[in-house]
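S.K.: Below is the file entry.txt, which contains compact mmCIF, C-alpha atoms.
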# COMPACT_ATOMS: atom_id res chain seq x y z
CA MET E 152 13.78 -134.65 101.41
CA THR E 153 10.68 -136.85 101.42
CA LEU E 154 8.67 -138.54 104.12
CA GLY E 155 8.74 -142.32 104.38
CA SER E 156 8.22 -145.23 106.77
CA LEU E 157 5.63 -143.43 108.90
CA THR E 158 4.35 -145.34 111.95
CA LEU E 159 1.45 -144.15 114.11
CA ARG E 160 0.50 -145.53 117.49
CA ASP E 161 -2.57 -144.40 119.44
CA PHE E 162 -3.03 -141.23 117.40
CA ARG E 163 -6.68 -140.23 116.90
CA CYS E 164 -8.49 -143.28 115.42
CA PHE E 165 -5.27 -145.21 114.70
CA LYS E 166 -4.27 -147.90 117.18
CA ARG E 167 -1.27 -148.76 115.01
CA THR E 168 -0.65 -148.30 111.32
CA GLU E 169 2.21 -147.83 108.90
CA PHE E 170 2.40 -145.68 105.79
CA ASP E 171 5.24 -145.43 103.27
CA PRO E 172 4.45 -142.63 100.80
CA THR E 173 6.54 -142.20 97.67
CA PRO E 174 8.14 -139.06 96.25
CA GLY E 175 5.76 -136.98 94.15
CA LEU E 176 1.96 -137.18 94.40
CA ASN E 177 0.27 -139.73 96.69
CA LEU E 178 -3.51 -140.19 96.86
CA VAL E 179 -5.39 -141.39 99.94
CA SER E 180 -9.08 -142.07 99.27
CA ALA E 181 -11.50 -143.39 101.86
CA PRO E 182 -14.99 -142.63 103.20
CA ASN E 183 -15.56 -139.75 105.58
CA ALA E 184 -14.64 -140.38 109.24
CA SER E 185 -12.14 -143.10 108.29
CA GLY E 186 -9.01 -141.18 109.34
CA LYS E 187 -7.82 -139.36 106.21
CA SER E 188 -7.53 -135.98 107.95
CA SER E 189 -5.96 -137.60 111.00
CA LEU E 190 -3.24 -139.15 108.83
CA LEU E 191 -2.21 -135.76 107.42
CA GLU E 192 -2.58 -134.17 110.85
CA ALA E 193 -0.14 -136.72 112.28
CA ILE E 194 2.46 -135.82 109.65
CA CYS E 195 2.08 -132.15 110.51
CA VAL E 196 2.40 -132.92 114.22
CA LEU E 197 5.53 -135.00 113.61
CA LEU E 198 7.28 -132.39 111.48
CA ARG E 199 6.05 -129.12 113.05
CA LEU E 200 4.93 -130.20 116.57
CA GLN E 201 1.56 -128.57 116.13
CA SER E 202 -1.84 -129.65 114.89
CA PRO E 203 -3.79 -127.79 112.19
CA ARG E 204 -7.00 -129.09 113.77
CA ALA E 205 -6.59 -129.27 117.56
CA GLY E 206 -5.91 -126.59 120.13
CA THR E 207 -3.57 -128.87 122.10
CA LEU E 208 -1.75 -132.04 121.10
CA SER E 209 -3.28 -133.95 124.01
CA GLU E 210 -6.59 -133.82 122.09
CA THR E 211 -5.08 -136.12 119.45
CA ILE E 212 -4.32 -139.01 121.83
CA ARG E 213 -6.51 -142.00 121.01
CA HIS E 214 -9.39 -142.32 123.45
CA GLY E 215 -8.65 -144.65 126.35
CA THR E 216 -4.85 -144.58 125.93
CA GLU E 217 -2.10 -142.73 127.77
CA GLY E 218 -0.25 -141.21 124.83
CA PHE E 219 0.69 -141.35 121.15
CA SER E 220 3.85 -142.08 119.18
CA ILE E 221 4.66 -140.89 115.64
CA LEU E 222 7.85 -142.08 113.96
CA ALA E 223 9.15 -141.66 110.41
CA ARG E 224 12.11 -141.32 108.12
CA PHE E 225 12.50 -137.90 106.52
CA GLY E 226 15.16 -138.14 103.86
CA PRO E 227 18.24 -139.49 105.67
CA ARG E 228 16.97 -138.38 109.09
CA SER E 229 14.77 -140.21 111.58
CA LEU E 230 12.18 -138.37 113.65
CA ALA E 231 10.07 -139.50 116.59
CA CYS E 232 7.50 -137.61 118.64
CA HIS E 233 5.99 -139.20 121.74
CA LEU E 234 3.37 -137.53 123.89
CA GLY E 235 2.06 -138.91 127.16
CA LYS E 236 -0.70 -137.51 129.36
CA SER E 237 1.56 -137.72 132.40
CA LYS E 238 5.08 -137.76 130.91
CA GLY E 239 4.70 -134.90 128.44
CA ARG E 240 6.45 -134.60 125.08
CA HIS E 241 9.57 -136.56 124.14
CA LEU E 242 11.44 -135.92 120.87
CA LEU E 243 14.10 -137.99 119.12
CA LEU E 244 16.21 -136.82 116.18
CA ASP E 245 18.30 -139.61 114.63
CA ASP E 246 17.57 -141.60 117.82
CA VAL E 247 19.09 -138.85 120.00
CA PRO E 248 16.77 -137.33 122.65
CA GLN E 249 16.16 -133.59 122.14
CA ARG E 250 15.78 -131.36 125.20
CA LYS E 251 14.74 -128.46 122.96
CA SER E 252 12.89 -128.47 119.65
CA ASN E 253 15.18 -126.08 117.71
CA ASP E 254 17.21 -128.66 115.77
CA TYR E 255 14.25 -130.99 115.40
CA LEU E 256 12.09 -128.32 113.74
CA ARG E 257 14.77 -127.51 111.18
CA VAL E 258 14.30 -130.89 109.48
CA GLY E 259 10.79 -130.94 108.01
CA LEU E 260 8.74 -128.23 106.27
CA VAL E 261 4.97 -128.39 105.72
CA ALA E 262 2.30 -126.65 103.66
CA PHE E 263 -1.13 -127.74 104.91
CA PHE E 264 -4.25 -127.24 102.76
CA SER E 265 -7.70 -127.85 104.25
CA SER E 266 -11.31 -127.54 103.16
CA SER E 267 -11.72 -125.12 106.08
CA ASP E 268 -9.13 -122.71 104.64
CA ILE E 269 -11.94 -120.45 103.48
CA GLU E 270 -12.00 -119.29 107.12
CA LEU E 271 -8.71 -117.53 106.37
CA ILE E 272 -10.83 -115.14 104.33
CA ARG E 273 -14.12 -114.89 106.19
CA GLY E 274 -13.12 -116.03 109.67
CA THR E 275 -11.72 -114.11 112.61
CA SER E 276 -8.32 -112.42 112.66
CA SER E 277 -6.95 -115.23 114.86
CA LYS E 278 -7.10 -117.57 111.82
CA ARG E 279 -4.91 -115.23 109.79
CA ARG E 280 -2.47 -114.67 112.65
CA ARG E 281 -2.10 -118.43 113.02
CA PHE E 282 -1.44 -118.67 109.27
CA LEU E 283 1.34 -116.09 109.56
CA ASP E 284 2.81 -117.75 112.66
CA PHE E 285 2.88 -121.17 110.97
CA LEU E 286 4.64 -119.60 108.00
CA GLY E 287 6.98 -117.45 110.09
CA SER E 288 8.13 -120.37 112.21
CA GLN E 289 9.34 -122.14 109.05
CA CYS E 290 10.86 -119.13 107.29
CA ASP E 291 12.54 -117.17 110.08
CA VAL E 292 14.99 -118.82 112.47
CA GLY E 293 14.18 -116.40 115.29
CA TYR E 294 10.42 -116.29 114.84
CA LEU E 295 9.36 -119.13 117.11
CA LYS E 296 11.64 -117.98 119.94
CA HIS E 297 10.10 -114.49 119.87
CA LEU E 298 6.58 -115.84 119.50
CA ARG E 299 6.94 -117.96 122.65
CA ALA E 300 8.57 -115.05 124.55
CA TYR E 301 5.78 -112.71 123.49
CA GLU E 302 3.09 -115.19 124.55
CA ARG E 303 4.71 -115.59 127.99
CA ALA E 304 4.93 -111.82 128.49
CA LEU E 305 1.34 -111.36 127.30
CA ARG E 306 0.00 -114.00 129.70
CA ALA E 307 1.88 -112.40 132.58
CA ARG E 308 0.63 -108.90 131.72
CA ASN E 309 -2.97 -110.06 131.43
CA PHE E 310 -2.74 -111.92 134.74
CA LEU E 311 -1.46 -108.80 136.49
CA LEU E 312 -4.03 -106.56 134.80
CA LYS E 313 -6.85 -108.82 135.96
CA ASP E 314 -5.45 -108.73 139.49
CA GLY E 315 -5.85 -104.96 139.70
CA PRO E 316 -3.97 -101.64 139.50
CA HIS E 317 -1.84 -102.38 142.58
CA ARG E 318 0.36 -104.64 140.40
CA GLY E 319 1.60 -101.74 138.26
CA ARG E 320 5.30 -102.06 139.14
CA GLU E 321 5.30 -105.77 138.31
CA LEU E 322 3.38 -105.04 135.12
CA ALA E 323 6.07 -102.63 133.96
CA ALA E 324 8.70 -105.36 134.38
CA TYR E 325 7.12 -107.33 131.53
CA ASN E 326 6.96 -104.38 129.14
CA GLY E 327 10.56 -104.93 128.01
CA PRO E 328 10.21 -108.52 126.73
CA PHE E 329 6.68 -107.74 125.50
CA LEU E 330 7.95 -104.86 123.36
CA GLU E 331 11.13 -106.57 122.17
CA SER E 332 9.40 -109.70 120.92
CA GLY E 333 6.24 -107.86 119.85
CA GLU E 334 8.18 -105.51 117.60
CA TYR E 335 10.12 -108.45 116.14
CA LEU E 336 6.92 -110.35 115.32
CA ALA E 337 5.20 -107.32 113.80
CA LYS E 338 8.15 -106.58 111.52
CA ALA E 339 8.56 -110.24 110.55
CA ARG E 340 4.85 -110.58 109.75
CA ALA E 341 4.85 -107.37 107.71
CA ARG E 342 7.78 -108.72 105.66
CA LEU E 343 5.92 -112.00 105.15
CA CYS E 344 2.87 -110.13 103.85
CA ASP E 345 5.05 -108.07 101.50
CA ASP E 346 6.68 -111.23 100.15
CA LEU E 347 3.37 -113.08 99.87
CA THR E 348 1.58 -110.32 97.93
CA PRO E 349 2.99 -110.96 94.42
CA LEU E 350 2.83 -114.73 94.92
CA VAL E 351 -0.82 -114.62 95.97
CA ALA E 352 -1.68 -112.29 93.09
CA HIS E 353 -0.04 -114.71 90.65
CA HIS E 354 -1.84 -117.79 91.99
CA VAL E 355 -5.25 -116.06 92.12
CA HIS E 356 -4.82 -115.10 88.48
CA THR E 357 -3.65 -118.60 87.54
CA ILE E 358 -6.42 -120.46 89.38
CA SER E 359 -9.34 -118.18 88.47
CA ASN E 360 -8.08 -116.99 85.06
CA ASN E 361 -10.56 -114.09 85.07
CA GLY E 362 -8.44 -111.03 85.79
CA GLU E 363 -9.08 -110.73 89.52
CA ILE E 364 -6.56 -108.61 91.43
CA ALA E 365 -5.74 -109.88 94.93
CA THR E 366 -3.76 -107.91 97.51
CA LEU E 367 -2.87 -108.29 101.17
CA ARG E 368 -1.22 -106.13 103.82
CA TYR E 369 -0.38 -106.33 107.49
CA LYS E 370 -2.43 -104.18 109.87
CA SER E 371 -0.89 -103.41 113.25
CA SER E 372 -3.32 -102.83 116.12
CA GLY E 373 -0.94 -100.30 117.68
CA GLY E 374 0.18 -98.44 114.59
CA PRO E 375 3.83 -98.00 113.59
CA ASP E 376 5.23 -97.64 117.14
CA LEU E 377 4.23 -100.38 119.60
CA GLN E 378 5.97 -98.69 122.55
CA VAL E 379 3.96 -95.48 122.10
CA ALA E 380 0.75 -97.44 121.54
CA LEU E 381 1.31 -99.46 124.72
CA ALA E 382 1.87 -96.32 126.78
CA ASP E 383 -1.18 -94.60 125.26
CA SER E 384 -3.40 -97.61 125.97
CA PHE E 385 -2.49 -97.86 129.68
CA SER E 386 -5.70 -96.27 131.00
CA GLU E 387 -7.86 -98.43 128.77
CA GLU E 388 -5.88 -101.52 129.80
CA GLN E 389 -6.64 -100.72 133.44
CA ARG E 390 -10.34 -100.39 132.66
CA LEU E 391 -10.62 -103.55 130.54
CA ARG E 392 -7.98 -105.48 132.53
CA GLN E 393 -6.29 -106.87 129.47
CA THR E 394 -3.57 -105.97 126.95
CA ILE E 395 -5.30 -104.29 124.01
CA VAL E 396 -2.44 -103.58 121.56
CA GLY E 397 0.24 -105.85 120.14
CA PRO E 398 0.69 -108.67 117.63
CA HIS E 399 -2.04 -110.71 119.36
CA ARG E 400 -4.53 -108.12 118.05
CA ASP E 401 -3.01 -107.55 114.60
CA ASP E 402 -4.54 -108.74 111.32
CA MET E 403 -3.80 -109.47 107.67
CA ILE E 404 -6.11 -107.46 105.40
CA LEU E 405 -7.17 -109.31 102.23
CA GLU E 406 -8.77 -107.60 99.23
CA VAL E 407 -10.03 -108.64 95.81
CA ASN E 408 -10.29 -105.89 93.20
CA ALA E 409 -9.62 -103.28 95.92
CA ALA E 410 -12.60 -104.44 98.04
CA SER E 411 -12.65 -106.50 101.22
CA ALA E 412 -12.44 -110.21 100.39
CA HIS E 413 -14.32 -110.94 103.63
CA THR E 414 -17.28 -108.69 102.77
CA PHE E 415 -17.55 -108.42 99.01
CA ALA E 416 -15.92 -111.49 97.45
CA SER E 417 -18.11 -114.38 96.29
CA GLU E 418 -17.62 -117.83 97.79
CA GLY E 419 -15.76 -118.89 94.65
CA GLN E 420 -13.44 -115.89 94.93
CA GLN E 421 -12.88 -116.59 98.62
CA ARG E 422 -11.95 -120.22 97.97
CA THR E 423 -9.60 -119.16 95.18
CA PHE E 424 -7.95 -116.60 97.51
CA ALA E 425 -7.55 -119.22 100.24
CA LEU E 426 -5.91 -121.68 97.84
CA ALA E 427 -3.64 -118.93 96.56
CA LEU E 428 -2.58 -118.11 100.13
CA ARG E 429 -1.61 -121.72 100.75
CA LEU E 430 0.27 -122.03 97.45
CA ALA E 431 2.06 -118.75 98.13
CA GLN E 432 2.89 -119.94 101.66
CA ALA E 433 4.54 -123.08 100.26
CA GLU E 434 6.41 -121.11 97.60
CA LEU E 435 7.73 -118.62 100.14
CA ILE E 436 8.92 -121.44 102.42
CA ARG E 437 10.84 -122.87 99.48
CA THR E 438 12.35 -119.47 98.63
CA ARG E 439 13.43 -118.80 102.21
CA ARG E 440 14.67 -122.33 103.01
CA GLY E 441 15.88 -123.58 99.63
CA VAL E 442 13.79 -126.78 99.58
CA PRO E 443 10.08 -127.38 99.00
CA PRO E 444 7.80 -128.29 101.89
CA ILE E 445 5.63 -131.37 101.92
CA TYR E 446 2.22 -130.49 100.48
CA LEU E 447 -0.59 -131.93 102.62
CA LEU E 448 -3.93 -131.41 100.86
CA ASP E 449 -6.84 -132.49 103.02
CA ASP E 450 -10.01 -133.11 101.01
CA ILE E 451 -9.98 -129.70 99.32
CA PHE E 452 -11.15 -130.71 95.85
CA GLY E 453 -14.83 -131.29 96.57
CA GLU E 454 -15.59 -127.56 96.46
CA LEU E 455 -13.65 -126.87 93.24
CA ASP E 456 -14.81 -127.06 89.65
CA SER E 457 -12.75 -129.08 87.19
CA HIS E 458 -10.88 -126.02 85.86
CA ARG E 459 -9.74 -124.85 89.31
CA ARG E 460 -8.89 -128.43 90.28
CA HIS E 461 -6.74 -128.86 87.20
CA ARG E 462 -4.94 -125.54 87.73
CA LEU E 463 -4.30 -126.31 91.40
CA LEU E 464 -2.76 -129.70 90.63
CA GLY E 465 -0.70 -128.03 87.91
CA ALA E 466 0.63 -125.56 90.49
CA LEU E 467 2.15 -128.33 92.64
CA PRO E 468 5.92 -128.49 91.98
CA ALA E 469 7.01 -131.69 90.25
CA ASP E 470 9.92 -132.11 92.68
CA ALA E 471 7.80 -131.78 95.84
CA GLN E 472 6.16 -134.61 97.75
CA ALA E 473 2.39 -134.18 98.01
CA LEU E 474 -0.26 -136.19 99.87
CA LEU E 475 -3.82 -135.62 98.76
CA THR E 476 -6.89 -137.03 100.52
CA THR E 477 -10.33 -137.42 98.97
CA THR E 478 -13.44 -139.53 99.40
CA SER E 479 -13.11 -140.79 95.82
CA TRP E 480 -10.43 -140.53 93.14
CA HIS E 481 -12.58 -141.56 90.15
CA TRP E 482 -13.11 -137.93 89.07
CA LEU E 483 -9.41 -137.13 89.47
CA GLU E 484 -8.25 -137.85 85.94
CA GLU E 485 -5.33 -135.41 86.37
CA ALA E 486 -3.74 -137.81 88.89
CA THR E 487 -3.25 -140.72 86.49
CA GLY E 488 -0.26 -142.81 87.54
CA ALA E 489 -0.13 -141.67 91.15
CA PRO E 490 0.18 -144.30 93.89
CA HIS E 491 -3.11 -144.81 95.69
CA TRP E 492 -3.84 -145.65 99.31
CA THR E 493 -6.97 -146.25 101.31
CA ILE E 494 -7.81 -146.60 105.01
CA THR E 495 -9.57 -149.73 106.23
CA GLU E 496 -10.37 -150.52 109.87
CA GLY E 497 -7.78 -148.04 111.15
CA ARG E 498 -4.99 -149.15 108.83
CA VAL E 499 -3.49 -147.44 105.78
CA VAL E 500 -3.48 -149.93 102.89
CA SER E 501 -1.69 -149.60 99.56
CA GLN E 502 -3.77 -149.92 96.37
CA GLN E 503 -2.78 -150.23 92.72
CA HIS E 504 -1.78 -147.11 90.79
CA ILE E 505 -4.61 -145.12 89.24
CA THR E 506 -4.90 -145.75 85.52
Can the structure from this file be put into structure tokens for me?
M.R.:
Amino acid sequence: MTLGSLTLRDFRCFKRTEFDPTPGLNLVSAPNASGKSSLLEAICVLLRLQSPRAGTLSETIRHGTEGFSILARFGPRSLACHLGKSKGRHLLLDDVPQRKSNDYLRVGLVAFFSSSDIELIRGTSSKRRRFLDFLGSQCDVGYLKHLRAYERALRARNFLLKDGPHRGRELAAYNGPFLESGEYLAKARARLCDDLTPLVAHHVHTISNNGEIATLRYKSSGGPDLQVALADSFSEEQRLRQTIVGPHRDDMILEVNAASAHTFASEGQQRTFALALRLAQAELIRTRRGVPPIYLLDDIFGELDSHRRHRLLGALPADAQALLTTTSWHWLEEATGAPHWTITEGRVVSQQHIT
């Protein structure tokens, strides 16, 4: 399953452009601020209905327009995502309108690599939770349903807590869905971390080749029993007027050589760990779903030395489609023979193969 015949209209800097990537590795080189990241972002939005860069999809609508359209072939299937400021989101799968996104999201799988992935290591816990949610939604058929149910229950609880203690009976009504979906998410995330651990350790060793030992584990804010933790935190919830335990407060603990990767790892170690997380994410998606995701690599090679760059490219499966953006390909001797594209005046333009 490979992406082809991509058309963008009024997405970010693109008024209209077409892009027809081939199976295997595709290179897109262009100066900064030309739209390289936006091109990969659009593919992620089309396939997963979420942006790796924006908080809301409305932020990606080209300035001065009313909405965007993204259309493409994905293997034998056709996908279309339209978003309007006033009309909302409209999805088509094989030209059939989709009231819900369930069937649509089963078509395309994505592994997104970014130069900002180092924030998975040294950033806030929200970055790591988002990483797990992006992975879980592609690996677990029930994950997204429970994530949305949990978010609705959490918003309702926090609204009632802010309104004051007189809303206690209404607050209790949301504890059921909060606990049901919260426990599901915590268990699913813990399983993801268990499955990721040997994969991450392997890729850290392969990329760095210096004997580093990387580990990760899931840390629950409420301990092993969310129901008990929620009951025990009631007084503190009333004081702070917000829900203080649950998956929205959980974290993924990352260590290198038994020490915190956030505190004690060097920048090189942190970047290696971040790359290993992304490679492990893609590998786990393939294991769970039976097919490789599309690898979207957004300008990540500038911070890597030639040895790490070579090992990373070597880790990309030969049967997976990969799109790699960079400001220049002249140093990328490992990519000889790959089709090459550039972006000129808001249009993606095919170039000759790299030789």
S.K.: Could you work out how far atom CA of Leu474 of chain E lies from atom CA of Ala433 of chain E, giving the answer in Å with one decimal?
M.R.: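 Spanning atom CA of Ala433 of chain E to atom CA of Leu474 of chain E is a straight-line distance of 14.0 Å.
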S.K.: Could you give me, as a PyMOL selection string, the residues that sit within 12 Å of (-10.1, -117.1, 104.4) in the file's coordinates, counting only C-alpha atoms?
M.R.: chain E and resi 264-282+367+403-406+411-414+416-429
S.K.: What's around Leu463 of chain E at 9 Å? Count only C-alpha atoms, leave out sequence neighbours fewer than 5 positions away in its own chain, and write the answer as a list in words.
M.R.: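 The residues that qualify are His354, Thr357, Ile358, Leu426, Leu430 and His458 of chain E.
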S.K.: Taking all atoms listed in the file into account, which of E:Ala339, E:Ile445, E:Leu391, E:Leu298 comes nearest Ser371 of chain E?
M.R.: E:Ala339
S.K.: Select all residues near (5.6, -123.4, 110.5) (cut-off 10 Å, inclusive, file coordinates), counting only C-alpha atoms, and output them as a list in words.
M.R.: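 Counting only C-alpha atoms, I find these residues within 10 Å of (5.6, -123.4, 110.5): Cys195, Leu198, Arg199, Leu200, Gln201, Leu256, Gly259, Leu260, Val261, Ala262, Phe263, Arg281, Phe282, Leu283, Asp284, Phe285, Leu286, Gly287, Ser288, Gln289, Cys290, Asp291, Tyr294, Leu295, Gln432 and Ile436 of chain E.
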S.K.: So that I can see what lies close to Lys166 of chain E, please list as number ranges by chain the residues with an atom at most 10 Å from it, counting only C-alpha atoms and leaving out residues fewer than 4 positions away in the same chain.
M.R.: E: 159-162, 213-214, 216, 219, 496-498
S.K.: Output C-alpha atoms for every residue in the selection just made, as an mmCIF file, keeping the file's coordinate frame.
M.R.:
data_model
loop_
_atom_site.group_PDB
_atom_site.id
_atom_site.type_symbol
_atom_site.label_atom_id
_atom_site.label_comp_id
_atom_site.auth_asym_id
_atom_site.auth_seq_id
_atom_site.Cartn_x
_atom_site.Cartn_y
_atom_site.Cartn_z
ATOM 1 C CA LEU E 159 1.450 -144.150 114.110
ATOM 2 C CA ARG E 160 0.500 -145.530 117.490
ATOM 3 C CA ASP E 161 -2.570 -144.400 119.440
ATOM 4 C CA PHE E 162 -3.030 -141.230 117.400
ATOM 5 C CA ARG E 213 -6.510 -142.000 121.010
ATOM 6 C CA HIS E 214 -9.390 -142.320 123.450
ATOM 7 C CA THR E 216 -4.850 -144.580 125.930
ATOM 8 C CA PHE E 219 0.690 -141.350 121.150
ATOM 9 C CA GLU E 496 -10.370 -150.520 109.870
ATOM 10 C CA GLY E 497 -7.780 -148.040 111.150
ATOM 11 C CA ARG E 498 -4.990 -149.150 108.830
#
S.K.: With distances taken over only C-alpha atoms, which of E:Leu190, E:Ser384, E:Arg299, E:Phe225 is nearest to Pro174 of chain E?
M.R.: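 For Pro174 of chain E, the nearest of the candidates is E:Phe225.
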S.K.: For Ala223 of chain E, which of E:Leu467, E:Gly155, E:Thr168, E:Tyr255 is the closest residue, counting all atoms listed in the file?
M.R.: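 Checking each of E:Leu467, E:Gly155, E:Thr168, E:Tyr255 against Ala223 of chain E, counting all atoms listed in the file, the winner is E:Gly155.
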